[in-house]
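**Student:** One structure coming up, written as structure tokens, with questions to follow.
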Amino acid sequence: MTERTPRLSRLRRMVPDARVGRPAEARGGRPRRRGAQPKVVALGGGMGLSASLAALRRITGDLTAVVTVADDGGSSGRLRDELGVLPPGDLRKALAALCGDDDWGQTWARVIQHRFQTKGDLHDHAVGNLLIVALWEQLGDHVQALDLVGKLLGAHGRVLPMSAVPLELQALVKGHDPERPDDVDTVRGQATVALTPGEVQSVHLVPHDPPAVPEAVAAVLDADWVVLGPGSWFSSVIPHLLVPELLDALTETKARRVLSLNLAPQPGETEGFSPQRHLEVLGRHAPKLALDVVLADEAAVPDRDSLTEAAKRLGAAVELAPVARTDGSPRHDPELLAAAYDRIFRMHGRIGPWR
């Protein structure tokens with residue numbers, strides 16, 4: 001038991017059932033038979049989380065996305081600066097990824113992702129961002145508004161922010177200034193960190209002790225599986241581990257934890273990183289967090305022994321599977337990724353009625 005357990009208990013009392021308020025579509029349109037399928041929580045942001053959600057919605061109807069809220073670029077950054085709201089962009093992308101493959105789902109996915117192209121103030125704003133922010137203002141409740149958008153879209157799952165306050169991501173970067181390669185500077189803002197030159201040493205959030213959304217904590221504690229990654233390592237994956245209540249929930253949950261690695265290092269923040277180095281930096285940010293499985297594309301792992309050793313230090317086994325698209329791009333194929341997750345849930349999960 002950690003010293004923060006009383007705070008987790010308080011959050012659980014606030015939200016005794018992580019499924020409260022979930023739209024009917026997120027439960028497959030009918031009351032859920034407890035244990036009939038794995039309860040899965042996916043954490044991340046941006047396109048990495050979208051890839052994971054597009055896969056997971058194919059294998060479970062009990063799916064919750066917990067999304068980072070540190071974005072400060074593009075349409076999200078402008079709305080955040082002007083209105084003081086949470087950045088809606090990553091939340092919008094998660095909702096779009098949860099849309100079904102039927103005409104209704106794909107139409108609404110395109111609509112909320114649509115960006116205006118003008119010479120005025122609306123330029124590059126996404127329709128979904130404006131819709132989400134409008135409902136926040138109308139309802140005064142982040143979770144209720146996102147549930148309502150999910151119901152409109154027929155989303156196959158629920159989307160929650162990891163915190164109810166906008167967060168600033170800051171990084172300590174060695175060699176950020178090429179003329180001072182040995183100096184360590186503080187780089188501020190998720191958009192800047194994601195593309196920073198130099199070597200990211202660590203990241204932290206401002207405020208340093210942000211409150212977690214109670215529904216997100218409850219979902220993690222109630223899950224059968226928690227999926228972390230893929231995505232921008234320092235700006236989308238690790239930030240979840242910097243929210244104390246959320247990290248406590250990830251540490252104490254009885255769920256199995258799978259970490260999904262990227263297909264390639266990202267220019268800027270993880271340039272030159274090996275798969276095992278991704279695990280090492282994650283472990284430094286959350287040394288008490290244990291994992292059960294590390295999933296990687298078999299073609300993206302040049303040194304399997306080193307990855308196995310790095311995973312073992314986090315308590316995890318390594319599962320290698322072909323999960324990349326066949327067009328050569330560093331993007332996950334939703335069908336292949338779904339097959340890999342399904343195999344992991346069956347091979348490494350506790351015996352459950354969904355098997």
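Labels for the structure tokens follow display order: chains A, B, ..., residues from 1 in each chain, ligands from 1.
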Tell me, as a list in words, which residues lie within 8 Å of stretch 179-189 of chain A, counting only C-alpha atoms; anything in the same chain fewer than 2 positions away does not count.

**Tutor:**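 Everything that qualifies: Ala70, Asp71, Asp72, Glu168, Leu169, Gln170, Ala171, Leu172, Val173, Lys174, Gly175, His176, Asp177, Ala191, Thr192, Val193, Thr196 and Gly198 of chain A.
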
**Student:** Can I get the selected residues back with N, CA and C atoms, as a compact mmCIF listing (two decimals), in the first residue's frame?

**Tutor:**
```
# COMPACT_ATOMS: atom_id res chain seq x y z
N ALA A 70 -1.75 18.01 -22.47
CA ALA A 70 -0.64 18.97 -22.42
C ALA A 70 -0.38 19.62 -23.78
N ASP A 71 -1.19 19.30 -24.79
CA ASP A 71 -0.97 19.85 -26.13
C ASP A 71 -1.09 21.38 -26.11
N ASP A 72 -0.15 22.04 -26.77
CA ASP A 72 -0.20 23.50 -26.82
C ASP A 72 0.03 24.03 -28.24
N GLU A 168 1.26 21.93 -18.69
CA GLU A 168 2.40 22.30 -19.52
C GLU A 168 3.49 21.25 -19.37
N LEU A 169 3.97 20.76 -20.49
CA LEU A 169 5.06 19.79 -20.47
C LEU A 169 6.39 20.54 -20.56
N GLN A 170 7.31 20.19 -19.69
CA GLN A 170 8.65 20.76 -19.73
C GLN A 170 9.67 19.62 -19.77
N ALA A 171 10.75 19.85 -20.50
CA ALA A 171 11.78 18.83 -20.65
C ALA A 171 13.15 19.41 -20.37
N LEU A 172 14.01 18.59 -19.77
CA LEU A 172 15.43 18.92 -19.66
C LEU A 172 16.13 18.29 -20.85
N VAL A 173 16.75 19.13 -21.67
CA VAL A 173 17.31 18.67 -22.94
C VAL A 173 18.79 19.02 -23.00
N LYS A 174 19.61 18.00 -23.20
CA LYS A 174 21.04 18.21 -23.36
C LYS A 174 21.34 18.51 -24.83
N GLY A 175 22.09 19.58 -25.07
CA GLY A 175 22.46 19.95 -26.43
C GLY A 175 21.33 20.57 -27.22
N HIS A 176 20.36 21.16 -26.53
CA HIS A 176 19.27 21.83 -27.24
C HIS A 176 19.82 22.95 -28.13
N ASP A 177 20.83 23.62 -27.64
CA ASP A 177 21.54 24.62 -28.44
C ASP A 177 22.78 23.95 -29.03
N ALA A 191 4.46 20.81 -27.95
CA ALA A 191 4.79 20.91 -29.37
C ALA A 191 6.28 21.12 -29.57
N THR A 192 6.91 21.89 -28.69
CA THR A 192 8.34 22.15 -28.79
C THR A 192 9.16 20.93 -28.38
N VAL A 193 8.72 20.27 -27.30
CA VAL A 193 9.45 19.08 -26.83
C VAL A 193 9.43 17.99 -27.89
N THR A 196 12.16 18.80 -30.41
CA THR A 196 13.37 19.46 -29.94
C THR A 196 14.64 18.79 -30.48
N GLY A 198 18.63 17.90 -29.82
CA GLY A 198 19.31 17.52 -28.59
C GLY A 198 18.72 16.26 -28.00
```

**Student:** Do you know which residues are at most 10 Å from A:Leu83 counting only C-alpha atoms, after dropping those on the same chain fewer than 4 positions away, and could you put them as a short mmCIF file (atom, residue, chain, number, x, y, z; two decimals) with N, CA and C atoms, in the first residue's frame?

**Tutor:**
```
data_model
loop_
_atom_site.label_atom_id
_atom_site.label_comp_id
_atom_site.auth_asym_id
_atom_site.auth_seq_id
_atom_site.Cartn_x
_atom_site.Cartn_y
_atom_site.Cartn_z
N GLY A 77 -3.92 24.48 -29.21
CA GLY A 77 -3.19 25.52 -28.50
C GLY A 77 -3.89 26.87 -28.57
N ARG A 78 -4.46 27.17 -29.72
CA ARG A 78 -5.17 28.45 -29.86
C ARG A 78 -6.41 28.51 -28.97
N LEU A 79 -7.17 27.41 -28.95
CA LEU A 79 -8.36 27.38 -28.09
C LEU A 79 -7.97 27.40 -26.62
N PRO A 87 -6.85 21.36 -23.87
CA PRO A 87 -6.64 21.20 -25.32
C PRO A 87 -7.47 20.02 -25.82
N VAL A 133 -15.33 21.86 -27.23
CA VAL A 133 -15.22 23.05 -26.38
C VAL A 133 -16.60 23.67 -26.16
N GLU A 137 -18.45 24.27 -22.50
CA GLU A 137 -19.01 25.54 -22.03
C GLU A 137 -20.49 25.39 -21.69
#
```

**Student:** Find the residue from A:Asp81, A:Glu252, A:Asp342, A:Asp124 that sits nearest to A:Leu289; use only C-alpha atoms when measuring.

**Tutor:** A:Glu252

**Student:** Per DSSP on the backbone, what are the helix (DSSP H, G or I) residues of stretch 187-217 of chain A, as a count of residues only?

**Tutor:** 9

**Student:** In terms of the shortest atom-to-atom distance over only C-alpha atoms, which of A:Gln117, A:Thr326, A:Ser52, A:Thr64 is closest to A:Val40?

**Tutor:**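 Using only C-alpha atoms, the shortest distance to A:Val40 belongs to A:Thr64.
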
**Student:** Of the residues A:Ala311, A:Leu205, A:Leu221, A:Leu279, which is the one nearest to A:Leu241, using only C-alpha atoms?

**Tutor:**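 Among the listed residues, the smallest separation from A:Leu241 belongs to A:Leu205.
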
**Student:** Which distance in Å separates atom CA of A:Arg110 and atom CA of A:Leu98, to one decimal?

**Tutor:**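 If I compute the distance from atom CA of A:Arg110 to atom CA of A:Leu98, I get 12.2 Å.
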
**Student:** List as a PyMOL selection string the protein and nucleic acid residues near A:Pro161, meaning an atom at most 12 Å away when only C-alpha atoms are counted, but skip any in the same chain fewer than 2 places from it.

**Tutor:** chain A and resi 42-45+64-71+85-92+94-95+141-147+158-159+163-167+211-217+219+240+243+246

**Student:** Taking into account only C-alpha atoms, which residue in the set A:Arg257, A:Leu295, A:His285, A:Asp305 is nearest to A:Ala339?

**Tutor:**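 Nearest candidate to A:Ala339 out of A:Arg257, A:Leu295, A:His285, A:Asp305: A:Leu295.
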
**Student:** Write out as a PyMOL selection string each polymer residue whose atoms come within 12 Å of A:Glu309, counting only C-alpha atoms; drop sequence neighbours fewer than 5 positions from it.

**Tutor:** chain A and resi 275-277+279-280+294+303-304+314-318

**Student:** Residues near A:Phe234, anyone? I mean within 8 Å using only C-alpha atoms, not counting same-chain ones fewer than 6 positions away, as a VMD selection string.

**Tutor:** chain A and resid 193 to 194 202 to 203 269

**Student:** Applying 7 Å and only C-alpha atoms, which residues near A:Leu53 remain after dropping the ones on its own chain fewer than 3 positions away? List them as a PyMOL selection string.

**Tutor:** chain A and resi 49-50+56-57+97-98

**Student:** Counting only C-alpha atoms, what is within 9 Å of A:Thr60, bar same-chain residues fewer than 2 positions away, as number ranges by chain?

**Tutor:** A: 37-40, 56-58, 62-63, 156-157
